[in-house]
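Trainee: Enclosed is the structure file work.pdb (PDB, C-alpha atoms).
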```
ATOM      1  CA  MET A   1       0.000   0.000   0.000
ATOM      2  CA  GLU A   2       1.061   3.528  -0.498
ATOM      3  CA  GLY A   3      -0.366   6.833   0.631
ATOM      4  CA  LEU A   4      -2.083   8.928  -2.009
ATOM      5  CA  MET A   5      -3.462  12.007  -0.316
ATOM      6  CA  SER A   6      -2.340  14.320   2.480
ATOM      7  CA  TYR A   7      -5.468  13.555   4.484
ATOM      8  CA  GLN A   8      -4.202  10.013   4.991
ATOM      9  CA  ALA A   9      -6.189   8.318   2.261
ATOM     10  CA  ASN A  10      -4.482   5.094   1.243
ATOM     11  CA  SER A  11      -4.620   3.034  -1.905
ATOM     12  CA  VAL A  12      -3.843  -0.619  -2.393
ATOM     13  CA  HIS A  13      -1.824  -1.726  -5.418
ATOM     14  CA  ALA A  14      -1.451  -5.327  -6.458
ATOM     15  CA  VAL A  15       2.173  -6.207  -7.080
ATOM     16  CA  SER A  16       1.000  -8.113 -10.071
ATOM     17  CA  ARG A  17      -2.372 -10.066  -9.556
ATOM     18  CA  ARG A  18     -13.280 -14.872 -30.517
ATOM     19  CA  GLN A  19     -12.457 -15.785 -35.741
ATOM     20  CA  SER A  20     -14.835 -13.069 -36.892
ATOM     21  CA  SER A  21     -17.707 -14.439 -34.885
ATOM     22  CA  VAL A  22     -19.885 -13.799 -31.940
ATOM     23  CA  LEU A  23     -18.990 -15.924 -28.976
ATOM     24  CA  VAL A  24     -21.524 -17.794 -26.752
ATOM     25  CA  PRO A  25     -20.085 -18.351 -21.396
ATOM     26  CA  THR A  26     -20.615 -21.524 -19.446
ATOM     27  CA  PHE A  27     -19.522 -20.258 -16.098
ATOM     28  CA  SER A  28     -21.896 -18.702 -13.606
ATOM     29  CA  ARG A  29     -23.482 -15.987 -15.744
ATOM     30  CA  LYS A  30     -24.068 -15.046 -19.367
ATOM     31  CA  ILE A  31     -21.707 -12.616 -21.004
ATOM     32  CA  SER A  32     -23.379 -11.223 -24.099
ATOM     33  CA  ASN A  33     -23.406 -13.828 -26.866
ATOM     34  CA  THR A  34     -20.477 -15.892 -25.607
ATOM     35  CA  ARG A  35     -20.030 -19.484 -24.470
ATOM     36  CA  VAL A  36     -16.916 -19.602 -22.355
ATOM     37  CA  SER A  37     -15.297 -22.165 -20.113
ATOM     38  CA  VAL A  38     -12.273 -21.225 -18.059
ATOM     39  CA  GLN A  39      -9.032 -22.916 -17.177
ATOM     40  CA  PRO A  40      -6.025 -21.567 -15.287
ATOM     41  CA  ILE A  41      -2.735 -20.881 -16.991
ATOM     42  CA  GLY A  42       0.555 -19.729 -15.570
ATOM     43  CA  MET A  43       1.326 -16.033 -15.558
ATOM     44  CA  VAL A  44       3.727 -14.640 -18.087
ATOM     45  CA  ARG A  45       5.377 -12.643 -15.338
ATOM     46  CA  ASN A  46       5.404 -12.791 -11.538
ATOM     47  CA  SER A  47       4.008 -16.292 -11.719
ATOM     48  CA  LYS A  48       4.788 -16.961  -8.081
ATOM     49  CA  LEU A  49       2.324 -14.300  -7.043
ATOM     50  CA  PHE A  50      -0.605 -14.684  -9.411
ATOM     51  CA  ASN A  51      -2.221 -16.962 -11.908
ATOM     52  CA  SER A  52      -4.298 -15.649 -14.772
ATOM     53  CA  VAL A  53      -7.331 -17.290 -16.313
ATOM     54  CA  VAL A  54      -8.055 -17.414 -20.011
ATOM     55  CA  ALA A  55     -11.285 -18.470 -21.672
ATOM     56  CA  SER A  56     -11.785 -21.154 -24.295
ATOM     57  CA  VAL A  57     -14.583 -20.332 -26.710
ATOM     58  CA  GLN A  58     -17.018 -21.877 -29.150
ATOM     59  CA  PRO A  59     -17.516 -19.307 -31.934
ATOM     60  CA  ILE A  60     -20.698 -18.751 -33.896
ATOM     61  CA  GLU A  61     -20.696 -17.225 -37.378
ATOM     62  CA  ALA A  62     -20.923 -13.460 -36.976
ATOM     63  CA  SER A  63     -22.830 -13.036 -40.227
ATOM     64  CA  ALA A  64     -25.722 -15.040 -38.817
ATOM     65  CA  VAL A  65     -26.301 -12.700 -35.913
ATOM     66  CA  THR A  66     -24.806  -9.290 -36.739
ATOM     67  CA  PRO A  67     -26.185  -6.745 -39.214
ATOM     68  CA  PHE A  68     -22.950  -4.734 -39.312
ATOM     69  CA  ASP A  69     -21.060  -3.897 -42.489
ATOM     70  CA  ASN A  70     -17.761  -3.015 -40.780
ATOM     71  CA  THR A  71     -16.494  -6.498 -39.905
ATOM     72  CA  LEU A  72     -14.251  -6.499 -42.998
ATOM     73  CA  PRO A  73     -11.685  -3.686 -42.765
ATOM     74  CA  SER A  74     -10.952  -1.361 -45.650
ATOM     75  CA  LYS A  75      -7.444  -0.959 -47.023
ATOM     76  CA  GLU A  76      -7.233   2.415 -45.300
ATOM     77  CA  VAL A  77      -8.152   0.870 -41.933
ATOM     78  CA  LEU A  78      -5.575  -1.898 -42.366
ATOM     79  CA  ASP A  79      -2.919   0.666 -43.258
ATOM     80  CA  VAL A  80      -3.574   2.660 -40.090
ATOM     81  CA  TRP A  81      -3.623  -0.536 -38.002
ATOM     82  CA  ASN A  82      -0.299  -1.717 -39.368
ATOM     83  CA  ASN A  83       1.425   1.662 -39.220
ATOM     84  CA  ALA A  84       0.233   2.744 -35.761
ATOM     85  CA  ASN A  85       2.955   3.645 -33.285
ATOM     86  CA  ALA A  86       0.808   2.798 -30.270
ATOM     87  CA  VAL A  87      -2.325   0.847 -29.370
ATOM     88  CA  CYS A  88      -4.544   1.681 -26.395
ATOM     89  CA  PHE A  89      -6.829  -1.009 -24.965
ATOM     90  CA  ASP A  90      -9.883  -0.723 -22.816
ATOM     91  CA  VAL A  91      -9.698  -3.343 -20.060
ATOM     92  CA  ASP A  92     -13.169  -4.430 -18.915
ATOM     93  CA  SER A  93     -14.948  -6.640 -21.484
ATOM     94  CA  THR A  94     -11.968  -6.199 -23.799
ATOM     95  CA  VAL A  95      -8.642  -7.243 -22.303
ATOM     96  CA  CYS A  96     -10.557  -9.048 -19.548
ATOM     97  CA  ILE A  97     -13.826 -10.923 -19.907
ATOM     98  CA  ASP A  98     -15.370  -9.213 -16.887
ATOM     99  CA  GLU A  99     -16.513  -5.725 -16.001
ATOM    100  CA  GLY A 100     -14.204  -5.321 -13.019
ATOM    101  CA  ILE A 101     -16.406  -2.981 -11.014
ATOM    102  CA  ASP A 102     -19.389  -5.304 -11.500
ATOM    103  CA  GLU A 103     -17.380  -8.298 -10.284
ATOM    104  CA  PHE A 104     -16.152  -6.323  -7.286
ATOM    105  CA  ALA A 105     -19.721  -5.202  -6.545
ATOM    106  CA  GLU A 106     -20.926  -8.809  -6.693
ATOM    107  CA  PHE A 107     -18.108  -9.779  -4.337
ATOM    108  CA  CYS A 108     -19.224  -7.037  -1.932
ATOM    109  CA  GLY A 109     -22.948  -7.865  -2.221
ATOM    110  CA  ALA A 110     -24.093  -4.972  -4.435
ATOM    111  CA  GLY A 111     -23.931  -6.678  -7.813
ATOM    112  CA  LYS A 112     -27.326  -6.072  -9.433
ATOM    113  CA  ALA A 113     -27.644  -2.362  -8.722
ATOM    114  CA  VAL A 114     -24.080  -1.651  -9.819
ATOM    115  CA  ALA A 115     -24.405  -3.668 -13.042
ATOM    116  CA  GLU A 116     -27.375  -1.518 -14.058
ATOM    117  CA  TRP A 117     -25.297   1.631 -13.634
ATOM    118  CA  THR A 118     -22.418   0.080 -15.611
ATOM    119  CA  ALA A 119     -24.688  -0.715 -18.556
ATOM    120  CA  ARG A 120     -25.973   2.860 -18.597
ATOM    121  CA  ALA A 121     -22.447   4.284 -18.438
ATOM    122  CA  MET A 122     -21.084   2.055 -21.230
ATOM    123  CA  ASN A 123     -24.023   2.887 -23.493
ATOM    124  CA  GLY A 124     -23.412   6.585 -22.891
ATOM    125  CA  SER A 125     -26.842   7.301 -21.378
ATOM    126  CA  VAL A 126     -25.432   8.889 -18.190
ATOM    127  CA  PRO A 127     -22.256  10.921 -17.589
ATOM    128  CA  PHE A 128     -19.411   8.605 -16.667
ATOM    129  CA  GLU A 129     -18.414  10.518 -13.537
ATOM    130  CA  GLU A 130     -21.971  10.283 -12.236
ATOM    131  CA  ALA A 131     -22.053   6.537 -12.833
ATOM    132  CA  LEU A 132     -18.632   6.019 -11.234
ATOM    133  CA  ALA A 133     -19.557   7.883  -8.061
ATOM    134  CA  ALA A 134     -22.926   6.140  -7.825
ATOM    135  CA  ARG A 135     -21.446   2.660  -8.248
ATOM    136  CA  LEU A 136     -18.711   3.153  -5.684
ATOM    137  CA  SER A 137     -21.215   4.590  -3.200
ATOM    138  CA  LEU A 138     -23.399   1.518  -3.650
ATOM    139  CA  ILE A 139     -20.432  -0.790  -3.100
ATOM    140  CA  ASN A 140     -18.932   1.288  -0.256
ATOM    141  CA  PRO A 141     -15.887  -1.005  -0.204
ATOM    142  CA  SER A 142     -13.393  -1.340   2.600
ATOM    143  CA  LEU A 143      -9.660  -1.763   2.049
ATOM    144  CA  SER A 144      -9.823  -5.318   3.391
ATOM    145  CA  GLN A 145     -12.593  -6.212   0.927
ATOM    146  CA  LEU A 146     -10.482  -4.961  -1.956
ATOM    147  CA  GLN A 147      -7.458  -6.879  -0.747
ATOM    148  CA  ASP A 148      -9.525 -10.066  -0.530
ATOM    149  CA  PHE A 149     -10.979  -9.469  -3.992
ATOM    150  CA  LEU A 150      -7.511  -9.047  -5.492
ATOM    151  CA  LYS A 151      -6.623 -12.591  -4.442
ATOM    152  CA  ARG A 152      -8.754 -13.759  -7.372
ATOM    153  CA  PRO A 153      -6.820 -14.070 -10.651
ATOM    154  CA  PRO A 154      -7.744 -11.850 -13.599
ATOM    155  CA  ARG A 155      -9.741 -13.545 -16.369
ATOM    156  CA  LEU A 156      -8.193 -12.605 -19.696
ATOM    157  CA  SER A 157     -10.013 -12.552 -23.012
ATOM    158  CA  PRO A 158      -8.983 -15.296 -25.456
ATOM    159  CA  GLY A 159      -5.997 -14.301 -27.546
ATOM    160  CA  ILE A 160      -5.198 -11.011 -25.824
ATOM    161  CA  ASP A 161      -1.799 -12.253 -24.654
ATOM    162  CA  LEU A 162      -0.836 -13.234 -28.205
ATOM    163  CA  LEU A 163      -2.083  -9.944 -29.616
ATOM    164  CA  VAL A 164      -0.129  -7.855 -27.117
ATOM    165  CA  LYS A 165       3.001  -9.915 -27.824
ATOM    166  CA  LYS A 166       2.589  -9.459 -31.580
ATOM    167  CA  LEU A 167       2.115  -5.713 -31.178
ATOM    168  CA  LYS A 168       5.255  -5.441 -29.075
ATOM    169  CA  ASP A 169       7.174  -7.615 -31.549
ATOM    170  CA  ASN A 170       6.114  -5.097 -34.214
ATOM    171  CA  ASN A 171       7.546  -2.267 -32.086
ATOM    172  CA  LYS A 172       4.180  -0.808 -31.142
ATOM    173  CA  ASP A 173       3.734   0.594 -27.640
ATOM    174  CA  VAL A 174       0.769  -0.799 -25.696
ATOM    175  CA  TYR A 175      -1.342   1.056 -23.132
ATOM    176  CA  LEU A 176      -4.291   0.175 -20.908
ATOM    177  CA  VAL A 177      -6.811   3.042 -20.730
ATOM    178  CA  SER A 178      -9.719   2.211 -18.463
ATOM    179  CA  GLY A 179     -12.548   3.642 -16.434
ATOM    180  CA  GLY A 180     -11.785   0.815 -13.999
ATOM    181  CA  PHE A 181      -9.318   0.846 -11.152
ATOM    182  CA  ARG A 182      -5.541   0.669 -11.057
ATOM    183  CA  GLN A 183      -5.664  -1.738  -8.145
ATOM    184  CA  MET A 184      -7.415  -4.299 -10.374
ATOM    185  CA  ILE A 185      -5.518  -3.469 -13.576
ATOM    186  CA  ASN A 186      -1.950  -3.631 -12.260
ATOM    187  CA  PRO A 187      -2.047  -7.461 -12.161
ATOM    188  CA  VAL A 188      -3.368  -7.577 -15.736
ATOM    189  CA  ALA A 189      -0.568  -5.324 -16.959
ATOM    190  CA  SER A 190       2.046  -7.444 -15.204
ATOM    191  CA  ILE A 191       0.719 -10.643 -16.782
ATOM    192  CA  LEU A 192       0.818  -9.085 -20.252
ATOM    193  CA  GLY A 193       4.189  -7.432 -19.796
ATOM    194  CA  ILE A 194       2.795  -3.907 -20.067
ATOM    195  CA  PRO A 195       4.693  -1.303 -17.985
ATOM    196  CA  LEU A 196       2.671  -0.020 -15.049
ATOM    197  CA  GLU A 197       3.371   3.535 -16.207
ATOM    198  CA  ASN A 198       1.354   2.692 -19.338
ATOM    199  CA  ILE A 199      -1.831   2.365 -17.278
ATOM    200  CA  PHE A 200      -4.339   5.224 -17.297
ATOM    201  CA  ALA A 201      -7.144   4.348 -14.877
ATOM    202  CA  ASN A 202      -8.964   5.368 -11.712
ATOM    203  CA  GLN A 203      -7.881   4.968  -8.126
ATOM    204  CA  ILE A 204     -10.037   3.994  -5.138
ATOM    205  CA  LEU A 205      -9.094   5.905  -1.987
ATOM    206  CA  PHE A 206      -9.295   4.677   1.588
ATOM    207  CA  GLY A 207      -9.002   6.424   4.938
ATOM    208  CA  SER A 208      -6.488   5.632   7.648
ATOM    209  CA  ASN A 209      -8.761   2.919   9.078
ATOM    210  CA  GLY A 210      -9.374   1.266   5.714
ATOM    211  CA  GLU A 211     -12.770   2.878   5.162
ATOM    212  CA  TYR A 212     -13.868   3.963   1.684
ATOM    213  CA  ALA A 213     -12.874   7.584   1.047
ATOM    214  CA  GLY A 214     -13.896   8.167  -2.573
ATOM    215  CA  PHE A 215     -11.808   8.093  -5.719
ATOM    216  CA  ASP A 216      -9.056  10.232  -7.171
ATOM    217  CA  LYS A 217     -10.853  12.891  -9.214
ATOM    218  CA  ASN A 218      -7.562  14.088 -10.691
ATOM    219  CA  GLU A 219      -7.431  11.042 -12.941
ATOM    220  CA  PRO A 220      -8.689  11.989 -16.425
ATOM    221  CA  THR A 221     -10.539   8.661 -16.686
ATOM    222  CA  SER A 222     -12.736   9.591 -13.710
ATOM    223  CA  ARG A 223     -14.898  11.929 -15.796
ATOM    224  CA  ARG A 224     -16.770  12.200 -19.070
ATOM    225  CA  GLY A 225     -14.451  12.216 -22.049
ATOM    226  CA  GLY A 226     -11.627  11.005 -19.819
ATOM    227  CA  LYS A 227     -10.399   8.254 -22.102
ATOM    228  CA  ALA A 228     -10.199  10.700 -24.982
ATOM    229  CA  THR A 229      -8.205  13.062 -22.775
ATOM    230  CA  ALA A 230      -5.880  10.262 -21.676
ATOM    231  CA  VAL A 231      -5.272   9.149 -25.260
ATOM    232  CA  GLN A 232      -4.544  12.732 -26.309
ATOM    233  CA  GLN A 233      -2.061  13.031 -23.433
ATOM    234  CA  ILE A 234      -0.363   9.776 -24.444
ATOM    235  CA  ARG A 235      -0.055  10.836 -28.063
ATOM    236  CA  LYS A 236       1.255  14.298 -27.269
ATOM    237  CA  ALA A 237       3.736  13.120 -24.629
ATOM    238  CA  HIS A 238       5.341  10.556 -26.948
ATOM    239  CA  GLY A 239       4.879  12.267 -30.279
ATOM    240  CA  TYR A 240       3.102   9.312 -31.852
ATOM    241  CA  LYS A 241       2.183   9.871 -35.489
ATOM    242  CA  SER A 242      -0.611   7.301 -35.382
ATOM    243  CA  LEU A 243      -2.541   5.650 -32.550
ATOM    244  CA  VAL A 244      -5.362   3.079 -32.339
ATOM    245  CA  MET A 245      -8.002   2.599 -29.626
ATOM    246  CA  ILE A 246      -9.590  -0.822 -29.026
ATOM    247  CA  GLY A 247     -12.607  -1.294 -26.750
ATOM    248  CA  ASP A 248     -16.286  -2.082 -26.466
ATOM    249  CA  GLY A 249     -17.934   1.006 -24.987
ATOM    250  CA  ALA A 250     -19.028   4.539 -25.769
ATOM    251  CA  THR A 251     -16.136   5.980 -23.767
ATOM    252  CA  ASP A 252     -13.705   4.060 -26.016
ATOM    253  CA  LEU A 253     -15.375   5.403 -29.145
ATOM    254  CA  GLU A 254     -14.932   8.939 -27.785
ATOM    255  CA  ALA A 255     -11.146   8.500 -27.982
ATOM    256  CA  ARG A 256     -11.318   8.670 -31.804
ATOM    257  CA  MET A 257     -10.892  12.389 -32.247
ATOM    258  CA  PRO A 258      -8.348  14.923 -33.541
ATOM    259  CA  GLY A 259      -5.169  14.592 -31.510
ATOM    260  CA  GLY A 260      -6.404  11.305 -30.071
ATOM    261  CA  ALA A 261      -6.966   7.946 -31.750
ATOM    262  CA  ASP A 262      -6.923   7.787 -35.545
ATOM    263  CA  LEU A 263      -8.838   4.514 -35.540
ATOM    264  CA  PHE A 264     -11.414   2.905 -33.262
ATOM    265  CA  ILE A 265     -11.674  -0.885 -33.334
ATOM    266  CA  CYS A 266     -14.716  -2.233 -31.515
ATOM    267  CA  TYR A 267     -14.174  -5.590 -29.814
ATOM    268  CA  GLY A 268     -17.535  -7.366 -29.608
ATOM    269  CA  GLY A 269     -16.338 -10.743 -28.411
ATOM    270  CA  ILE A 270     -17.639 -10.256 -24.871
ATOM    271  CA  GLN A 271     -20.190  -7.434 -24.961
ATOM    272  CA  LEU A 272     -21.697  -6.253 -28.240
ATOM    273  CA  ARG A 273     -23.000  -2.714 -27.771
ATOM    274  CA  GLU A 274     -24.739  -2.092 -31.075
ATOM    275  CA  SER A 275     -24.740   1.710 -30.936
ATOM    276  CA  VAL A 276     -20.963   1.645 -30.445
ATOM    277  CA  ALA A 277     -20.222  -1.175 -32.893
ATOM    278  CA  ALA A 278     -22.104   0.587 -35.690
ATOM    279  CA  LYS A 279     -19.792   3.604 -35.459
ATOM    280  CA  ALA A 280     -16.514   1.684 -35.295
ATOM    281  CA  ASP A 281     -13.963   1.739 -38.077
ATOM    282  CA  TRP A 282     -13.621  -2.013 -37.658
ATOM    283  CA  LEU A 283     -15.725  -4.478 -35.658
ATOM    284  CA  VAL A 284     -14.009  -7.686 -34.541
ATOM    285  CA  PHE A 285     -15.193 -10.611 -32.452
ATOM    286  CA  ASN A 286     -11.875 -12.390 -32.092
ATOM    287  CA  PHE A 287      -8.410 -11.026 -31.458
ATOM    288  CA  LYS A 288      -7.053 -13.500 -34.011
ATOM    289  CA  ASP A 289      -8.428 -11.221 -36.726
ATOM    290  CA  LEU A 290      -6.197  -8.409 -35.452
ATOM    291  CA  ILE A 291      -3.188 -10.686 -35.055
ATOM    292  CA  ASN A 292      -3.502 -12.131 -38.543
ATOM    293  CA  SER A 293      -3.852  -8.695 -40.124
ATOM    294  CA  LEU A 294      -0.521  -7.470 -38.747
ATOM    295  CA  VAL A 295       2.283  -7.739 -41.292
TER     296      VAL A 295
END
```
Could you express the structure from this file as structure tokens?

Mentor:
Amino acid sequence: MEGLMSYQANSVHAVSRRQSSVLVPTFSRKISNTRVSVQPIGMVRNSKLFNSVVASVQPIEASAVTPFDNTLPSKEVLDVWNNANAVCFDVDSTVCIDEGIDEFAEFCGAGKAVAEWTARAMNGSVPFEEALAARLSLINPSLSQLQDFLKRPPRLSPGIDLLVKKLKDNNKDVYLVSGGFRQMINPVASILGIPLENIFANQILFGSNGEYAGFDKNEPTSRRGGKATAVQQIRKAHGYKSLVMIGDGATDLEARMPGGADLFICYGGIQLRESVAAKADWLVFNFKDLINSLV
């Protein structure tokens, strides 16, 4: 743990913790149109501390269930994808198969109410900062609850490890830009070999007795348009000529803007949000499509 604020608020950091088709989960609850079974695999890094979980999937033909015309990328889209200097990933329902805050809420006994707020936030029907504050207030987590929750291994989306490796092999920098929480994302980054300084996410704060004390409102991802702001900051700081954003939600789509992401790829392998998918430059249901398109 390390102190964050002068009023003795503390944060906890973990040291390290789908084929163009719609996918159909077989564990405890349905995740969009996906059937997933899980099995543990060893971590890429820090394996003594954490294990990750990846999902095996049974794909269904996307054309049978999706009306979208952007599942086949144009030459221009492929050129941007291959020439990008950096790729930014959303985490929940993209890099990981879960919505982290929903899983944490379920763990703390506030699952249903929080999930409703998450759906509204991801569809863009309420301001993100309003949804974030409301969800954390409903959970009202303690430091000890968060520590116990972080003992559970992250559940990675199928193929994400191979995609990140291929991107790094092609000399592209990889970032995690999330409306979730650093405490839950640090383990994911460590598994995938992504530097912790390449995480842009929120931070839960706790008081000196471990009681919930809010969240760090200085993080750009804590407010509406925050992912777009974070992506703009990343691009400006490193002088990237081209940058791609990959995610599933409205806040990810917002990152495609002047000075931000040149390309938005919607990943629909876990959650297919139709209003977002329809506006994407490229809609994919399996990370293999992205891997195979890299030259």

Trainee: Set the distance at 9 Å and use all atoms listed in the file: which residues neighbour A:Gly124 once local chain neighbours fewer than 3 positions away are removed? I'd like the list as a count of residues only.

Mentor: 8

Trainee: Compare A:Pro220, A:Gly179, A:Gly210, A:Gly111 by their minimum atom-to-atom distance to A:Gly247, counting only C-alpha atoms, and give me the closest one.

Mentor: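 Counting only C-alpha atoms, the residue closest to A:Gly247 is A:Gly179.
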
Trainee: Check the smallest atom-to-atom distance from each of A:Gly193, A:Pro73, A:Gly109, A:Pro258 to A:Val284 using all atoms listed in the file, then report the winner.

Mentor: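 Residue with the minimum atom-to-atom distance to A:Val284: A:Pro73.
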
Trainee: Kindly provide the residues of stretch 159-247 of chain A that approach stretch 144-150 of chain A to within 10 Å, each paired with its closest atom pair and their distance in Å to one decimal, based on only C-alpha atoms, listed by chain and increasing number, as a tab-separated table.

Mentor:
```
residue	atom	partner	partner_atom	distance
A:Gln183	CA	A:Leu150	CA	8.0
A:Met184	CA	A:Leu150	CA	6.8
A:Pro187	CA	A:Leu150	CA	8.8
A:Ile204	CA	A:Leu146	CA	9.5
A:Gly210	CA	A:Ser144	CA	7.0
A:Glu211	CA	A:Ser144	CA	8.9
```

Trainee: Please save C-alpha atoms of the selected residues as a PDB file, keeping the file's coordinate frame.

Mentor:
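Saved result, selection-v6.pdb, follows:
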```
ATOM      1  CA  GLN A 183      -5.664  -1.738  -8.145  1.00  0.00           C
ATOM      2  CA  MET A 184      -7.415  -4.299 -10.374  1.00  0.00           C
ATOM      3  CA  PRO A 187      -2.047  -7.461 -12.161  1.00  0.00           C
ATOM      4  CA  ILE A 204     -10.037   3.994  -5.138  1.00  0.00           C
ATOM      5  CA  GLY A 210      -9.374   1.266   5.714  1.00  0.00           C
ATOM      6  CA  GLU A 211     -12.770   2.878   5.162  1.00  0.00           C
TER       7      GLU A 211
END
```

Trainee: How would you write, as a PyMOL selection string, the residues chosen by the PyMOL selection byres ((chain A and resi 185) around 12) on this structure?

Mentor: chain A and resi 12-17+89-92+95-96+98-101+150+153-156+175-184+186-192+194-203

Trainee: What separation in Å, quoted to one decimal, exists between atom CA of A:Lys151 and atom CA of A:Ala230?

Mentor: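 Interatomic distance here is 28.6 Å.
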
Trainee: Hey, what comes out of the PyMOL selection byres ((chain A and resi 116) around 12) on this file? Could you write it as a PyMOL selection string?

Mentor: chain A and resi 99+101-102+105+110-115+117-123+125-126+131-132+134-135+138

Trainee: With the file shown as input, list the residues that the PyMOL selection byres ((chain A and resi 254) around 9) selects, as a PyMOL selection string.

Mentor: chain A and resi 225-228+249-253+255-257+261+264

Trainee: Keeping C-alpha atoms, export the residues of the selection given above as a PDB file, in the frame of the given file.

Mentor:
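Generated file (out00.pdb):
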```
ATOM      1  CA  GLY A 225     -14.451  12.216 -22.049  1.00  0.00           C
ATOM      2  CA  GLY A 226     -11.627  11.005 -19.819  1.00  0.00           C
ATOM      3  CA  LYS A 227     -10.399   8.254 -22.102  1.00  0.00           C
ATOM      4  CA  ALA A 228     -10.199  10.700 -24.982  1.00  0.00           C
ATOM      5  CA  GLY A 249     -17.934   1.006 -24.987  1.00  0.00           C
ATOM      6  CA  ALA A 250     -19.028   4.539 -25.769  1.00  0.00           C
ATOM      7  CA  THR A 251     -16.136   5.980 -23.767  1.00  0.00           C
ATOM      8  CA  ASP A 252     -13.705   4.060 -26.016  1.00  0.00           C
ATOM      9  CA  LEU A 253     -15.375   5.403 -29.145  1.00  0.00           C
ATOM     10  CA  ALA A 255     -11.146   8.500 -27.982  1.00  0.00           C
ATOM     11  CA  ARG A 256     -11.318   8.670 -31.804  1.00  0.00           C
ATOM     12  CA  MET A 257     -10.892  12.389 -32.247  1.00  0.00           C
ATOM     13  CA  ALA A 261      -6.966   7.946 -31.750  1.00  0.00           C
ATOM     14  CA  PHE A 264     -11.414   2.905 -33.262  1.00  0.00           C
TER      15      PHE A 264
END
```

Trainee: Would you mind putting N, CA, C and O atoms back on stretch 167-179 of chain A and writing the result as an mmCIF file, in the coordinates of the input?

Mentor:
```cif
data_model
loop_
_atom_site.group_PDB
_atom_site.id
_atom_site.type_symbol
_atom_site.label_atom_id
_atom_site.label_comp_id
_atom_site.auth_asym_id
_atom_site.auth_seq_id
_atom_site.Cartn_x
_atom_site.Cartn_y
_atom_site.Cartn_z
ATOM 1 N N LEU A 167 1.976 -7.162 -31.077
ATOM 2 C CA LEU A 167 2.115 -5.713 -31.178
ATOM 3 C C LEU A 167 3.496 -5.264 -30.699
ATOM 4 O O LEU A 167 4.154 -4.433 -31.350
ATOM 5 N N LYS A 168 3.931 -5.816 -29.587
ATOM 6 C CA LYS A 168 5.255 -5.441 -29.075
ATOM 7 C C LYS A 168 6.363 -5.917 -30.001
ATOM 8 O O LYS A 168 7.362 -5.216 -30.193
ATOM 9 N N ASP A 169 6.196 -7.112 -30.574
ATOM 10 C CA ASP A 169 7.174 -7.615 -31.549
ATOM 11 C C ASP A 169 7.263 -6.703 -32.768
ATOM 12 O O ASP A 169 8.313 -6.613 -33.413
ATOM 13 N N ASN A 170 6.145 -6.033 -33.085
ATOM 14 C CA ASN A 170 6.114 -5.097 -34.214
ATOM 15 C C ASN A 170 6.471 -3.672 -33.797
ATOM 16 O O ASN A 170 6.206 -2.706 -34.522
ATOM 17 N N ASN A 171 7.054 -3.558 -32.595
ATOM 18 C CA ASN A 171 7.546 -2.267 -32.086
ATOM 19 C C ASN A 171 6.443 -1.237 -31.872
ATOM 20 O O ASN A 171 6.656 -0.031 -32.059
ATOM 21 N N LYS A 172 5.269 -1.710 -31.490
ATOM 22 C CA LYS A 172 4.180 -0.808 -31.142
ATOM 23 C C LYS A 172 4.047 -0.755 -29.615
ATOM 24 O O LYS A 172 4.072 -1.785 -28.956
ATOM 25 N N ASP A 173 3.924 0.443 -29.080
ATOM 26 C CA ASP A 173 3.734 0.594 -27.640
ATOM 27 C C ASP A 173 2.286 0.274 -27.280
ATOM 28 O O ASP A 173 1.360 0.603 -28.030
ATOM 29 N N VAL A 174 2.100 -0.361 -26.116
ATOM 30 C CA VAL A 174 0.769 -0.799 -25.696
ATOM 31 C C VAL A 174 0.397 -0.127 -24.378
ATOM 32 O O VAL A 174 1.207 -0.094 -23.435
ATOM 33 N N TYR A 175 -0.831 0.381 -24.321
ATOM 34 C CA TYR A 175 -1.342 1.056 -23.132
ATOM 35 C C TYR A 175 -2.677 0.441 -22.712
ATOM 36 O O TYR A 175 -3.417 -0.099 -23.550
ATOM 37 N N LEU A 176 -2.986 0.548 -21.438
ATOM 38 C CA LEU A 176 -4.291 0.175 -20.908
ATOM 39 C C LEU A 176 -4.964 1.454 -20.427
ATOM 40 O O LEU A 176 -4.459 2.128 -19.521
ATOM 41 N N VAL A 177 -6.083 1.802 -21.052
ATOM 42 C CA VAL A 177 -6.811 3.042 -20.730
ATOM 43 C C VAL A 177 -8.204 2.636 -20.295
ATOM 44 O O VAL A 177 -9.011 2.166 -21.100
ATOM 45 N N SER A 178 -8.511 2.813 -19.016
ATOM 46 C CA SER A 178 -9.719 2.211 -18.463
ATOM 47 C C SER A 178 -10.432 3.122 -17.489
ATOM 48 O O SER A 178 -9.798 3.904 -16.763
ATOM 49 N N GLY A 179 -11.744 2.993 -17.469
ATOM 50 C CA GLY A 179 -12.548 3.642 -16.434
ATOM 51 C C GLY A 179 -12.597 2.808 -15.174
ATOM 52 O O GLY A 179 -13.248 3.186 -14.203
#
```
